[in-house]
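One file, protein-v8.cif, is given below (mmCIF, C-alpha atoms).
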```cif
data_work
loop_
_atom_site.label_atom_id
_atom_site.label_comp_id
_atom_site.auth_asym_id
_atom_site.auth_seq_id
_atom_site.Cartn_x
_atom_site.Cartn_y
_atom_site.Cartn_z
CA MET A 94 -8.50 -38.49 38.31
CA ASN A 95 -4.83 -37.62 38.08
CA ARG A 96 -4.22 -40.70 35.95
CA GLN A 97 -6.98 -39.65 33.55
CA MET A 98 -5.53 -36.15 33.29
CA THR A 99 -2.08 -37.62 32.63
CA LEU A 100 -3.48 -39.84 29.86
CA GLU A 101 -5.32 -36.91 28.31
CA LYS A 102 -2.19 -34.75 28.44
CA HIS A 103 -0.16 -37.55 26.86
CA ALA A 104 -2.76 -37.95 24.09
CA TYR A 105 -2.78 -34.21 23.43
CA ASN A 106 1.03 -34.05 23.31
CA HIS A 107 1.02 -36.97 20.86
CA TYR A 108 -1.62 -35.17 18.78
CA ILE A 109 0.46 -31.96 18.68
CA GLY A 110 3.68 -33.87 18.10
CA LYS A 111 2.31 -35.49 14.94
CA LYS A 112 1.42 -32.09 13.53
CA TRP A 113 4.83 -30.64 14.33
CA LEU A 114 6.36 -33.67 12.61
CA VAL A 115 4.41 -32.85 9.46
CA LEU A 116 5.78 -29.29 9.49
CA ILE A 117 9.34 -30.56 10.00
CA ILE A 118 8.95 -33.01 7.10
CA LEU A 119 7.63 -30.23 4.89
CA ALA A 120 10.57 -27.98 5.82
CA VAL A 121 13.07 -30.76 5.03
CA THR A 122 11.24 -31.50 1.77
CA LEU A 123 11.49 -27.85 0.78
CA PHE A 124 15.22 -27.83 1.55
CA VAL A 125 15.80 -30.95 -0.58
CA THR A 126 13.66 -29.54 -3.39
CA VAL A 127 15.71 -26.34 -3.39
CA LEU A 128 18.94 -28.36 -3.66
CA ILE A 129 17.51 -30.28 -6.62
CA ALA A 130 16.42 -27.01 -8.26
CA LEU A 131 19.96 -25.64 -7.89
CA PHE A 132 21.31 -28.71 -9.70
CA VAL A 133 18.79 -28.69 -12.58
CA GLY A 134 19.66 -26.51 -15.55
CA SER A 135 20.82 -26.44 -19.14
CA SER A 136 24.45 -25.73 -18.12
CA GLU A 137 24.76 -29.24 -16.59
CA MET A 138 26.94 -27.94 -13.77
CA PRO A 139 28.28 -30.72 -11.48
CA PHE A 140 26.90 -30.75 -7.95
CA SER A 141 30.42 -30.39 -6.51
CA GLU A 142 30.83 -27.18 -8.51
CA ILE A 143 27.53 -25.86 -7.15
CA VAL A 144 28.71 -26.52 -3.59
CA LYS A 145 31.95 -24.63 -4.30
CA VAL A 146 30.03 -21.64 -5.62
CA ILE A 147 27.71 -21.57 -2.60
CA PHE A 148 30.73 -21.49 -0.27
CA GLY A 149 32.50 -18.73 -2.20
CA GLY A 150 34.48 -20.72 -4.78
CA GLY A 151 33.97 -21.57 -8.43
CA GLY A 152 34.51 -19.52 -11.58
CA SER A 153 32.78 -16.29 -12.53
CA ALA A 154 30.54 -18.02 -15.07
CA GLN A 155 29.38 -20.55 -12.49
CA ARG A 156 28.73 -17.82 -9.90
CA THR A 157 26.67 -15.90 -12.44
CA ILE A 158 24.56 -18.96 -13.21
CA ILE A 159 23.92 -19.74 -9.54
CA PHE A 160 23.49 -16.26 -8.05
CA ASN A 161 21.97 -14.40 -11.00
CA VAL A 162 19.85 -17.08 -12.63
CA ARG A 163 19.03 -20.10 -10.47
CA MET A 164 18.86 -18.60 -6.97
CA PRO A 165 16.57 -15.69 -7.94
CA ARG A 166 14.32 -18.16 -9.74
CA ILE A 167 14.17 -20.45 -6.70
CA ALA A 168 13.61 -17.53 -4.31
CA THR A 169 10.80 -16.27 -6.54
CA GLY A 170 9.20 -19.71 -6.53
CA ILE A 171 9.34 -19.83 -2.73
CA ALA A 172 7.91 -16.31 -2.37
CA VAL A 173 5.08 -16.95 -4.83
CA GLY A 174 4.28 -20.37 -3.39
CA LEU A 175 4.12 -19.00 0.17
CA ALA A 176 1.86 -16.12 -0.84
CA LEU A 177 -0.62 -18.05 -2.99
CA ALA A 178 -0.89 -21.00 -0.60
CA MET A 179 -1.45 -18.86 2.50
CA ALA A 180 -3.99 -16.74 0.63
CA GLY A 181 -5.87 -19.85 -0.52
CA CYS A 182 -5.83 -21.34 2.97
CA ILE A 183 -7.36 -18.22 4.53
CA MET A 184 -9.86 -17.63 1.72
CA GLN A 185 -11.18 -21.17 2.12
CA ASN A 186 -11.72 -20.51 5.82
CA VAL A 187 -13.37 -17.08 5.78
CA LEU A 188 -15.53 -17.93 2.76
CA ARG A 189 -16.29 -21.40 4.15
CA ASN A 190 -15.77 -22.91 0.73
CA PRO A 191 -13.05 -25.47 -0.16
CA LEU A 192 -12.97 -24.17 -3.73
CA ALA A 193 -11.85 -20.65 -2.80
CA SER A 194 -8.45 -19.41 -3.96
CA ALA A 195 -6.95 -16.52 -5.91
CA SER A 196 -7.56 -18.32 -9.21
CA THR A 197 -11.17 -19.33 -8.50
CA LEU A 198 -12.17 -15.95 -7.03
CA GLY A 199 -10.97 -14.12 -10.12
CA VAL A 200 -7.85 -12.44 -8.72
CA SER A 201 -5.68 -14.10 -11.38
CA GLN A 202 -8.09 -13.15 -14.17
CA GLY A 203 -8.32 -9.57 -12.90
CA ALA A 204 -4.52 -9.36 -12.83
CA SER A 205 -4.35 -10.71 -16.38
CA PHE A 206 -6.78 -8.04 -17.54
CA GLY A 207 -4.73 -5.33 -15.83
CA ALA A 208 -1.53 -6.61 -17.45
CA ALA A 209 -3.20 -6.74 -20.87
CA MET A 210 -4.41 -3.15 -20.49
CA ALA A 211 -0.89 -2.03 -19.53
CA ILE A 212 0.75 -3.81 -22.46
CA ILE A 213 -1.74 -2.72 -25.10
CA TYR A 214 -2.89 0.73 -23.99
CA PHE A 215 -0.81 2.12 -21.09
CA GLY A 216 2.71 2.01 -22.51
CA GLY A 217 3.77 -1.32 -21.05
CA GLY A 218 5.00 -2.08 -24.53
CA THR A 219 6.89 -5.05 -25.83
CA GLN A 220 9.88 -5.82 -27.97
CA ILE A 221 11.67 -8.88 -29.34
CA SER A 222 14.95 -9.01 -27.42
CA ASN A 223 16.51 -11.77 -29.53
CA ALA A 224 15.48 -12.42 -33.09
CA ALA A 225 16.87 -15.95 -32.97
CA THR A 226 14.85 -17.03 -29.95
CA ASN A 227 11.89 -14.62 -30.32
CA ALA A 228 12.23 -13.81 -26.62
CA ILE A 229 9.83 -11.12 -25.45
CA THR A 230 10.74 -8.37 -23.01
CA PHE A 231 8.64 -5.47 -21.73
CA ASP A 232 9.66 -1.84 -22.22
CA ASN A 233 8.01 -0.73 -18.95
CA PRO A 234 7.66 -3.83 -16.75
CA TYR A 235 6.59 -1.87 -13.66
CA THR A 236 3.64 -0.43 -15.55
CA VAL A 237 2.56 -4.00 -16.24
CA VAL A 238 3.13 -5.00 -12.61
CA ILE A 239 1.15 -2.08 -11.18
CA CYS A 240 -1.79 -2.59 -13.54
CA ALA A 241 -1.81 -6.33 -12.89
CA PHE A 242 -1.80 -5.69 -9.15
CA LEU A 243 -4.66 -3.19 -9.42
CA GLY A 244 -6.63 -5.66 -11.54
CA GLY A 245 -6.33 -8.33 -8.86
CA ILE A 246 -7.33 -5.91 -6.09
CA VAL A 247 -10.33 -4.58 -8.04
CA THR A 248 -11.61 -8.12 -8.51
CA THR A 249 -11.74 -8.78 -4.78
CA ILE A 250 -13.30 -5.38 -4.10
CA LEU A 251 -16.07 -6.26 -6.56
CA VAL A 252 -16.65 -9.65 -4.93
CA LEU A 253 -16.82 -8.14 -1.44
CA PHE A 254 -19.02 -5.26 -2.62
CA LEU A 255 -21.51 -7.63 -4.25
CA SER A 256 -21.59 -9.79 -1.15
CA ARG A 257 -22.27 -6.79 1.11
CA VAL A 258 -24.91 -5.19 -1.09
CA THR A 259 -26.84 -8.41 -1.70
CA SER A 260 -26.25 -9.74 1.85
CA VAL A 261 -25.35 -13.19 0.56
CA THR A 262 -23.61 -15.78 2.68
CA PRO A 263 -19.82 -16.01 2.45
CA SER A 264 -19.97 -19.31 0.57
CA VAL A 265 -21.85 -17.64 -2.29
CA MET A 266 -18.92 -15.23 -2.79
CA ILE A 267 -17.27 -17.98 -4.82
CA LEU A 268 -20.10 -17.76 -7.35
CA ALA A 269 -19.59 -14.00 -7.63
CA GLY A 270 -15.89 -14.71 -8.16
CA VAL A 271 -16.64 -17.11 -10.99
CA ALA A 272 -18.91 -14.54 -12.67
CA ILE A 273 -16.34 -11.75 -12.34
CA SER A 274 -13.62 -14.10 -13.61
CA SER A 275 -15.64 -14.69 -16.75
CA LEU A 276 -16.17 -10.95 -17.14
CA PHE A 277 -12.43 -10.18 -16.97
CA THR A 278 -11.54 -13.14 -19.20
CA GLY A 279 -13.96 -11.89 -21.86
CA ALA A 280 -12.69 -8.31 -21.53
CA THR A 281 -9.07 -9.50 -21.93
CA ALA A 282 -9.97 -11.47 -25.06
CA LEU A 283 -11.82 -8.46 -26.48
CA ILE A 284 -8.95 -5.99 -26.13
CA GLN A 285 -6.55 -8.59 -27.57
CA TYR A 286 -8.78 -8.87 -30.62
CA PHE A 287 -8.18 -5.22 -31.53
CA ALA A 288 -4.44 -5.20 -30.71
CA ASP A 289 -1.53 -5.86 -33.05
CA ASP A 290 0.20 -9.22 -33.18
CA ASN A 291 3.26 -8.26 -31.11
CA LYS A 292 1.18 -6.95 -28.23
CA VAL A 293 -1.11 -9.98 -28.32
CA ALA A 294 1.98 -12.20 -28.16
CA ALA A 295 3.24 -10.21 -25.16
CA VAL A 296 -0.08 -10.62 -23.32
CA VAL A 297 -0.08 -14.36 -23.98
CA TYR A 298 3.55 -14.59 -22.86
CA TRP A 299 2.73 -12.77 -19.60
CA THR A 300 -0.19 -15.09 -18.83
CA PHE A 301 2.07 -18.16 -19.17
CA GLY A 302 3.79 -17.28 -15.90
CA ASN A 303 7.56 -17.00 -15.52
CA LEU A 304 9.63 -17.25 -12.34
CA GLY A 305 12.54 -15.58 -14.08
CA ARG A 306 10.95 -12.13 -14.23
CA ALA A 307 11.51 -11.03 -10.63
CA GLY A 308 14.81 -9.73 -9.30
CA TYR A 309 16.03 -9.62 -5.71
CA ARG A 310 14.22 -6.33 -5.03
CA GLU A 311 10.89 -7.79 -6.13
CA ILE A 312 11.58 -10.99 -4.20
CA THR A 313 12.27 -8.98 -1.05
CA LEU A 314 8.99 -7.12 -1.46
CA MET A 315 7.00 -10.34 -1.91
CA LEU A 316 8.67 -12.01 1.08
CA THR A 317 8.16 -8.94 3.26
CA LEU A 318 4.44 -8.77 2.46
CA SER A 319 4.09 -12.52 2.98
CA ALA A 320 5.85 -12.29 6.36
CA GLY A 321 3.50 -9.53 7.47
CA ALA A 322 0.48 -11.52 6.27
CA PHE A 323 1.76 -14.63 8.04
CA ILE A 324 2.04 -12.74 11.33
CA TYR A 325 -1.52 -11.43 10.98
CA PHE A 326 -2.90 -14.86 10.07
CA ILE A 327 -1.10 -16.58 12.96
CA LEU A 328 -2.29 -13.97 15.44
CA ASN A 329 -5.85 -14.81 14.34
CA ARG A 330 -5.37 -18.60 14.27
CA TRP A 331 -7.85 -19.19 17.08
CA ASN A 332 -10.42 -17.01 15.33
CA TYR A 333 -10.05 -19.12 12.19
CA ASN A 334 -10.41 -22.28 14.28
CA ALA A 335 -13.61 -20.90 15.76
CA MET A 336 -14.95 -19.98 12.32
CA GLU A 337 -14.51 -23.57 11.16
CA SER A 338 -17.55 -24.36 13.34
CA GLY A 339 -19.65 -21.70 11.58
CA THR A 340 -20.09 -17.96 11.85
CA ASN A 341 -22.80 -18.19 14.51
CA THR A 342 -20.58 -20.30 16.75
CA ALA A 343 -17.66 -17.95 16.18
CA LYS A 344 -19.79 -14.91 17.05
CA SER A 345 -20.97 -16.62 20.24
CA LEU A 346 -17.31 -17.05 21.19
CA GLY A 347 -16.69 -13.32 20.78
CA VAL A 348 -15.13 -13.33 17.30
CA ASN A 349 -15.81 -10.24 15.21
CA VAL A 350 -16.60 -12.31 12.14
CA ASP A 351 -17.32 -9.45 9.72
CA ARG A 352 -14.07 -7.69 10.54
CA ILE A 353 -12.04 -10.90 10.30
CA ILE A 354 -13.57 -11.76 6.91
CA LEU A 355 -12.94 -8.29 5.48
CA ILE A 356 -9.36 -7.83 6.72
CA SER A 357 -8.37 -11.42 5.94
CA MET A 358 -9.66 -11.14 2.38
CA VAL A 359 -7.85 -7.84 1.86
CA VAL A 360 -4.55 -9.23 3.21
CA ALA A 361 -4.89 -12.49 1.25
CA THR A 362 -5.64 -10.57 -1.94
CA LEU A 363 -2.72 -8.20 -1.34
CA ILE A 364 -0.12 -10.97 -1.19
CA SER A 365 -1.62 -13.08 -3.97
CA ALA A 366 -2.12 -10.12 -6.34
CA THR A 367 1.46 -8.96 -5.70
CA ALA A 368 2.83 -12.41 -6.52
CA ILE A 369 0.74 -12.74 -9.68
CA ALA A 370 1.68 -9.22 -10.79
CA PHE A 371 5.41 -10.04 -10.69
CA VAL A 372 5.40 -13.52 -12.25
CA GLY A 373 2.17 -13.81 -14.26
CA THR A 374 -0.78 -16.13 -13.94
CA ILE A 375 -0.11 -19.07 -11.62
CA SER A 376 -3.19 -21.23 -11.14
CA PHE A 377 -4.30 -23.67 -8.45
CA ILE A 378 -1.37 -23.36 -5.99
CA GLY A 379 -3.71 -21.69 -3.49
CA LEU A 380 -6.20 -24.50 -4.02
CA VAL A 381 -3.87 -27.51 -4.02
CA ALA A 382 -1.43 -26.77 -1.18
CA PRO A 383 -3.93 -26.21 1.68
CA HIS A 384 -5.92 -29.34 0.80
CA ILE A 385 -2.82 -31.53 0.73
CA VAL A 386 -1.71 -30.28 4.15
CA ARG A 387 -5.24 -30.46 5.57
CA ARG A 388 -5.21 -34.25 5.07
CA PHE A 389 -2.32 -34.50 7.56
CA VAL A 390 -2.96 -31.72 10.12
CA GLY A 391 -6.72 -31.26 9.84
CA ASN A 392 -8.33 -27.84 10.22
CA ASP A 393 -6.13 -26.66 13.08
CA TYR A 394 -4.91 -23.31 11.76
CA ARG A 395 -1.99 -23.24 14.16
CA PHE A 396 -0.43 -25.79 11.84
CA LEU A 397 -2.47 -25.46 8.65
CA ILE A 398 -1.26 -21.91 7.92
CA PRO A 399 2.52 -22.62 8.12
CA GLY A 400 2.00 -26.05 6.57
CA SER A 401 0.16 -24.58 3.59
CA ALA A 402 2.90 -21.99 3.13
CA LEU A 403 5.62 -24.65 3.10
CA MET A 404 3.63 -26.91 0.79
CA GLY A 405 2.98 -24.03 -1.60
CA ALA A 406 6.71 -23.37 -1.84
CA VAL A 407 7.43 -27.08 -2.38
CA VAL A 408 4.82 -27.37 -5.14
CA MET A 409 6.05 -24.21 -6.88
CA ILE A 410 9.70 -25.29 -6.83
CA GLY A 411 8.71 -28.82 -7.89
CA ALA A 412 6.66 -27.46 -10.79
CA ASP A 413 9.60 -25.27 -11.84
CA ILE A 414 11.91 -28.30 -11.82
CA VAL A 415 9.46 -30.14 -14.07
CA SER A 416 9.17 -27.15 -16.40
CA ARG A 417 12.96 -27.07 -16.82
CA MET A 418 13.46 -30.83 -17.24
CA VAL A 419 10.69 -31.90 -19.62
CA LYS A 420 12.12 -30.25 -22.73
CA ALA A 421 15.54 -28.94 -21.72
CA PRO A 422 17.07 -26.52 -22.51
CA ALA A 423 13.65 -24.96 -23.20
CA ILE A 424 11.61 -23.94 -20.14
CA LEU A 425 7.91 -24.76 -20.23
CA PRO A 426 5.38 -22.20 -18.88
CA ILE A 427 5.13 -22.64 -15.14
CA GLY A 428 1.45 -21.69 -15.19
CA ALA A 429 0.68 -24.64 -17.46
CA ILE A 430 2.51 -27.05 -15.13
CA THR A 431 0.63 -25.88 -12.03
CA SER A 432 -2.66 -26.13 -13.93
CA PHE A 433 -1.93 -29.75 -14.79
CA LEU A 434 -1.27 -30.41 -11.11
CA GLY A 435 -4.29 -28.52 -9.80
CA ALA A 436 -7.04 -29.25 -12.32
CA PRO A 437 -7.63 -32.90 -11.23
CA LEU A 438 -7.92 -31.88 -7.58
CA PHE A 439 -10.24 -29.01 -8.51
CA LEU A 440 -12.54 -31.44 -10.35
CA TYR A 441 -12.47 -33.79 -7.37
CA LEU A 442 -13.46 -31.00 -5.00
CA ILE A 443 -16.30 -29.90 -7.29
CA ILE A 444 -17.69 -33.45 -7.38
CA LYS A 445 -17.30 -33.80 -3.63
CA GLN A 446 -18.86 -30.40 -2.97
CA GLY A 447 -21.74 -31.25 -5.28
CA LYS A 448 -22.83 -33.99 -2.87
CA ARG A 449 -23.27 -31.41 -0.11
CA LYS A 450 -25.67 -28.53 0.32
CA LEU A 451 -24.37 -25.62 -1.76
CA TYR A 452 -25.83 -22.74 0.23
CA ASP A 453 -25.58 -22.12 3.96
#
```

Using structure tokens, write down the structure that the file contains.
Amino acid sequence: MNRQMTLEKHAYNHYIGKKWLVLIILAVTLFVTVLIALFVGSSEMPFSEIVKVIFGGGGSAQRTIIFNVRMPRIATGIAVGLALAMAGCIMQNVLRNPLASASTLGVSQGASFGAAMAIIYFGGGTQISNAATNAITFDNPYTVVICAFLGGIVTTILVLFLSRVTSVTPSVMILAGVAISSLFTGATALIQYFADDNKVAAVVYWTFGNLGRAGYREITLMLTLSAGAFIYFILNRWNYNAMESGTNTAKSLGVNVDRIILISMVVATLISATAIAFVGTISFIGLVAPHIVRRFVGNDYRFLIPGSALMGAVVMIGADIVSRMVKAPAILPIGAITSFLGAPLFLYLIIKQGKRKLYD
């Protein structure tokens, strides 16, 4: 009997050890990716010079490039990747649908509509900051951020309201999200149609996504919200594990399923809408990152939540590196890069999901 217990304990420790190894590898990968991102740039700064700057040396121009341009961009990528990936991971659990994420539930589209309203009607405004480069800046960026945030929040409120009123199963919420996404996309196109060319250009520019928009204050806010969300999600890790077996099973184990679904959706929407509001539309990170990590750690949310967060940061920084290298010194829209990464996986999941029963 003791031998059997020893073998079982050894097997369990081996099982846990493999999952911790995955998290360690992801953390190391993120560290290496950040180093590469510090090196990549149009200034072609030698790596030795970057090291000097990090440790307090280097010239003023080099310090400006590292601390005012590259580091804020990298920190923004990490903050956005953490937020979107964690939100996608939790949404997929509470909605019991592998296709759930901020982009598929309409949060991104709602935020885009809010930003468009701010730019065109609410004094967000736009101006050409450099006639040679046609660079676009916003007169009142916080108006755009607030409206984009409210647009993302309103989208989730509508999805949850429809689900409560019609008493549909959580998996059908994704269909409501698709419908509301189409509604906001159409509304955004309609208000652009009646706007002048400069404002339409500003709306399009915002939807491209740009990691260079956020400063250290915005980064701190995103990281603080993500840290609070992470604590809440981790404290409920066993509830999420129970819900993987179905809501009836979770209820039989004493989980307050309705409360967990509501609060988790609100928290996930809060962090994802905040991230999208500051940087623009970033698609598929919340869909891609959790599914990649799930292949290595399974559906154990003790490891899936932090693993998804790390993978989201890695994917975001990696996409930013690609956006800066493909056509240097120009920087490609980060939203387009993440869409290219996520669209194939999204199609794969749709095909795979189509072979299963759609409704609970």

Within 9 Å of Leu119 of chain A, counting only C-alpha atoms, which residues qualify if same-chain residues fewer than 5 places away don't, as a PDB file with C-alpha atoms, keeping the file's coordinate frame?
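selection13.pdb, written as the output of this step:
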```
ATOM      1  CA  LEU A 114       6.360 -33.670  12.610  1.00  0.00           C
ATOM      2  CA  PHE A 124      15.220 -27.830   1.550  1.00  0.00           C
ATOM      3  CA  GLY A 400       2.000 -26.050   6.570  1.00  0.00           C
ATOM      4  CA  LEU A 403       5.620 -24.650   3.100  1.00  0.00           C
ATOM      5  CA  MET A 404       3.630 -26.910   0.790  1.00  0.00           C
ATOM      6  CA  VAL A 407       7.430 -27.080  -2.380  1.00  0.00           C
TER       7      VAL A 407
END
```

Exercise for the section: For the file shown, report as number ranges by chain the outcome of the PyMOL selection byres ((chain A and resi 300) around 12) at residue level. Expected result: A: 201-209, 212, 237, 241, 278, 281, 293-299, 301-304, 369-376, 426-429

Practice task
Name the closest residue to Asn392 of chain A among the candidates A:Ala211, A:Cys182, A:Ile430, A:Met315; distances are taken between atoms, counting only C-alpha atoms.
Solution key: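 Going through A:Ala211, A:Cys182, A:Ile430, A:Met315 one by one, the smallest distance to Asn392 of chain A is for A:Cys182.
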
Answer key for the PyMOL selection byres ((chain A and resi 183-200) around 6), residues as a compact mmCIF listing (two decimals) with C-alpha atoms, in the coordinates of the input:
```txt
# COMPACT_ATOMS: atom_id res chain seq x y z
CA ALA A 180 -3.99 -16.74 0.63
CA GLY A 181 -5.87 -19.85 -0.52
CA CYS A 182 -5.83 -21.34 2.97
CA SER A 201 -5.68 -14.10 -11.38
CA GLN A 202 -8.09 -13.15 -14.17
CA GLY A 203 -8.32 -9.57 -12.90
CA GLY A 245 -6.33 -8.33 -8.86
CA THR A 248 -11.61 -8.12 -8.51
CA PRO A 263 -19.82 -16.01 2.45
CA SER A 264 -19.97 -19.31 0.57
CA ILE A 267 -17.27 -17.98 -4.82
CA GLY A 270 -15.89 -14.71 -8.16
CA SER A 274 -13.62 -14.10 -13.61
CA ILE A 354 -13.57 -11.76 6.91
CA SER A 376 -3.19 -21.23 -11.14
CA GLY A 379 -3.71 -21.69 -3.49
CA LEU A 380 -6.20 -24.50 -4.02
```

Could you pull the residues within 12 Å of Ile171 of chain A, counting only C-alpha atoms, minus those fewer than 6 positions along the same chain, as a CSV table (one decimal) with C-alpha atoms, keeping the file's coordinate frame?
```csv
chain,number,residue,atom,x,y,z
A,120,ALA,CA,10.6,-28.0,5.8
A,123,LEU,CA,11.5,-27.8,0.8
A,124,PHE,CA,15.2,-27.8,1.6
A,126,THR,CA,13.7,-29.5,-3.4
A,127,VAL,CA,15.7,-26.3,-3.4
A,130,ALA,CA,16.4,-27.0,-8.3
A,164,MET,CA,18.9,-18.6,-7.0
A,165,PRO,CA,16.6,-15.7,-7.9
A,177,LEU,CA,-0.6,-18.0,-3.0
A,178,ALA,CA,-0.9,-21.0,-0.6
A,304,LEU,CA,9.6,-17.2,-12.3
A,312,ILE,CA,11.6,-11.0,-4.2
A,313,THR,CA,12.3,-9.0,-1.0
A,315,MET,CA,7.0,-10.3,-1.9
A,316,LEU,CA,8.7,-12.0,1.1
A,319,SER,CA,4.1,-12.5,3.0
A,368,ALA,CA,2.8,-12.4,-6.5
A,378,ILE,CA,-1.4,-23.4,-6.0
A,402,ALA,CA,2.9,-22.0,3.1
A,403,LEU,CA,5.6,-24.6,3.1
A,404,MET,CA,3.6,-26.9,0.8
A,405,GLY,CA,3.0,-24.0,-1.6
A,406,ALA,CA,6.7,-23.4,-1.8
A,407,VAL,CA,7.4,-27.1,-2.4
A,408,VAL,CA,4.8,-27.4,-5.1
A,409,MET,CA,6.0,-24.2,-6.9
A,410,ILE,CA,9.7,-25.3,-6.8
A,411,GLY,CA,8.7,-28.8,-7.9
A,412,ALA,CA,6.7,-27.5,-10.8
A,413,ASP,CA,9.6,-25.3,-11.8
```

Problem - Counting only C-alpha atoms, the residue of A:Ile118, A:Ala366, A:Met179, A:Val144 that sits nearest Phe326 of chain A - result: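 Of all the options, A:Met179 lies closest to Phe326 of chain A.
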
Problem - Residue with smallest distance to Ile167 of chain A - pool A:Ala307, A:Val146, A:Val252, A:Val258, counting all atoms listed in the file - result: A:Ala307

Problem - Distance in Å - atom CA of Leu363 of chain A versus atom CA of Ala322 of chain A - result: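 Computed distance, atom CA of Leu363 of chain A to atom CA of Ala322 of chain A, equals 8.9 Å.
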
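Counting all atoms listed in the file and comparing A:Thr340, A:Asn349, A:Thr367, A:Gln155, the residue that lies closest to Val173 of chain A is A:Thr367.
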
Exercise for the section: Would you write out, as an NGL selection string, every residue that the PyMOL selection byres ((chain A and resi 394) around 9) captures in this file? Expected result: :A and (326-327 or 329-331 or 333-334 or 390-393 or 395-399)

Exercise for the section: In Å, rounded to a single decimal, give me how far atom CA of Thr169 of chain A is from atom CA of Phe377 of chain A. Expected result: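 Interatomic distance, atom CA of Phe377 of chain A to atom CA of Thr169 of chain A: 16.9 Å.
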
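Checking A:Ser153, A:Gly174, A:Met266, A:Val348 one by one against Pro383 of chain A, counting only C-alpha atoms, you find the shortest gap at A:Gly174.
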